[in-house]
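Colleague: Have a look at the structure that comes next, please.
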Amino acid sequence: MAAPLTSARVNPSVPVATPCPARTVPARTVPAGAIAACASRQGTVPGIDWRLWIRALTRIGASRHEMPPDEPRAAGTSRPGPSGEAGPEAPPDHVMQPNVPAGREVPGLSVPFWGVVVLTGIGAGIGAAGFMVLLHAVQHFAYGYRSGLFQYGVRRTSPERRVVVMAGAGVFAGVAWTALRRVAKAGTGLSEAVWERAGKLPFFGTMANAVLQIVVVGLGATLGREGAPKDAGAAMASRLSDIWGLPVEQRRLLVACGAGAGMAAVYNVPLGGALFALEVLLGTLSLPMVLPALATSAIATAVSWLVLPDRPTYQVPHYGASAPQVVWAVLVGPLAGVVGVGYIRLIAWAKGHTPQGWRFVISTTVVFSAIGCVAVVYPEVLGNGKDVAQFAFVDQLGLPLLGALMVIRPLATASCLRSGAAGGLFTPTLAFGALAGGFLGHVWSVLWPGAPVASYAMIGAAAMLAAAMQAPLASIALVVELTGNELTLMVPLLVAVAGATLVCRALDDRSVYSAPLRRHHDDPKVETPA
């Protein structure tokens, strides 16, 4: 017999994990609902709740009497006796898989469901490749270069051209998004669709919005390029789910998988894309949801190889782990958590105060022109941050430039969002972490030399991603896949990510994706969409 449960006094501000009934009640008697009640969701760590245990035990008792007496039983099972208990010699009725939640959280993996998985993966891969072709075409046209990194092209162009291009980008963004919002339902974001609209995304409005995102990022906006393929993959999954008439839980899962597949394809990170869908958007790593996410991301990545290169996004040498890195990770992890909280709140504020109507055009024009003026001195402020992170990962940025950019770039990203522009947040956050890690790594190397300075940029990038996304596993997988570092920095990465996540979550349990949606629940005047 399992040991009785005991109550405990806990700090109400600190979430406490509660043992799942599957661990304290014999496995053969635990029904599906008891384990489903313990399925974790993003932002929720259940405490000791006696009502949950009473419901679980009630279901356990009810499940013993639900099977009709004449129903045939599979080999190796036994019928309960008159008291509801199986005899001591009877084998277990059913051994549950503890990491498979049951009830409404388990989507039926039917043939149409897997058909949508395959089609979504193919569509996300094609869409990601097309968006990257469009992005590079816009960059080459706007800044007058033919090949090489975007930052090299920006540096070679004149300061006056940077200002003119960004001012034009602001006018274009304001007019185009204003027109789109009037003729199409393009206001629903990916996070809002998954968490508040049962996975419903308007297909044509979302696709048009994704195209505008890529064009604006190509012109130099300090936003992520992955936002467009994520939205496109999610929109495809939503539309296909409606065509096949799939239920709500399956559509939510497929929309998240489509978004992860778009991210996986554009950055060649199949595992990271799948974990992003699961850990960030769905808040679960249960087995029935892992399989579709992995399949969708793998298909999308393989399809994108027809156009995009099959190699890590960042060309980084292999950095070995050493004592200075581990000690630095212990110290910097909590600091990254604190900075991550500030970054999350900055992004939430920016997204919560976007202008409407004619002020939208003025806002984008003013903000983008100001960023263009900053780019006269700091051309590295332009773009999504991919090249800036590359420079930090190989120690090609000096200490003064690292210090300036780690302040300017997050403010530029928040300004773009505050103006009303749309775009991704993953790459700007990665670049922010790389810049901060590189800056602190330079200082630490003076105190304790012995490790490559650039390795601190990778550790800082993982820590900042973990704090900002509230996704430690996804952040580690993404950094490892993006750099192809073969797990040589795994120990300091894990230490920094753990410290950043714990501190950030203790101070604020939101992420950069969920924080802007909190106002729907906090403000009683705002109705939550059905």
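Lettering and numbering for the structure tokens are positional, with chains as A, B, ... in the shown order, residues counted from 1 in each chain, and ligands counted from 1 in the shown order.
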Identify, on the basis of only C-alpha atoms, every residue whose closest approach to segment 355-359 of chain A does not exceed 9 Å; exclude the query and any residue fewer than 6 positions from it along the same chain; express the result as a ChimeraX atom specification.

Modeller: /A:174,178,418-420

Colleague: Go ahead and write the selection's residues with N, CA, C and O atoms as an mmCIF file, in the first residue's frame.

Modeller:
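File produced: out_14.cif:
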data_model
loop_
_atom_site.group_PDB
_atom_site.id
_atom_site.type_symbol
_atom_site.label_atom_id
_atom_site.label_comp_id
_atom_site.auth_asym_id
_atom_site.auth_seq_id
_atom_site.Cartn_x
_atom_site.Cartn_y
_atom_site.Cartn_z
ATOM 1 N N GLY A 174 4.166 50.798 -42.320
ATOM 2 C CA GLY A 174 2.947 51.406 -41.801
ATOM 3 C C GLY A 174 1.785 51.317 -42.771
ATOM 4 O O GLY A 174 0.672 50.929 -42.406
ATOM 5 N N THR A 178 -1.363 48.637 -42.307
ATOM 6 C CA THR A 178 -2.661 49.285 -42.125
ATOM 7 C C THR A 178 -3.660 48.777 -43.149
ATOM 8 O O THR A 178 -4.818 48.457 -42.824
ATOM 9 N N ARG A 418 6.988 48.293 -30.552
ATOM 10 C CA ARG A 418 6.170 49.393 -30.049
ATOM 11 C C ARG A 418 5.559 50.202 -31.190
ATOM 12 O O ARG A 418 4.438 50.722 -31.071
ATOM 13 N N SER A 419 6.262 50.282 -32.297
ATOM 14 C CA SER A 419 5.733 51.026 -33.441
ATOM 15 C C SER A 419 4.581 50.307 -34.122
ATOM 16 O O SER A 419 3.835 50.915 -34.895
ATOM 17 N N GLY A 420 4.427 49.018 -33.853
ATOM 18 C CA GLY A 420 3.364 48.237 -34.470
ATOM 19 C C GLY A 420 3.853 47.204 -35.450
ATOM 20 O O GLY A 420 3.038 46.424 -35.969
#

Colleague: Would you please give, as a PyMOL selection string, all residues of segment 398-510 of chain A that DSSP assigns to alpha helix (DSSP H) based on the backbone?

Modeller: chain A and resi 399-419+426-447+453-469+472-483+490-507

Colleague: For a quick check of understanding, using only C-alpha atoms, which of A:Ala412, A:Met132, A:Ala232, A:Val216 has the smallest distance to Gly189 of chain A?

Modeller: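 Closest candidate: A:Ala232.
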
Colleague: Would you mind listing what lies within 7 Å of segment 444-458 of chain A as a list in words, with only C-alpha atoms counted and same-chain residues fewer than 2 positions away left out?

Modeller: Tyr319, Ser322, Pro324, Gln325, Ala392, Phe393, Val394, Asp395, Ala434, Leu435, Gly437, Gly438, Leu440, Gly441, His442, Gly460, Ala461 and Ala462 of chain A
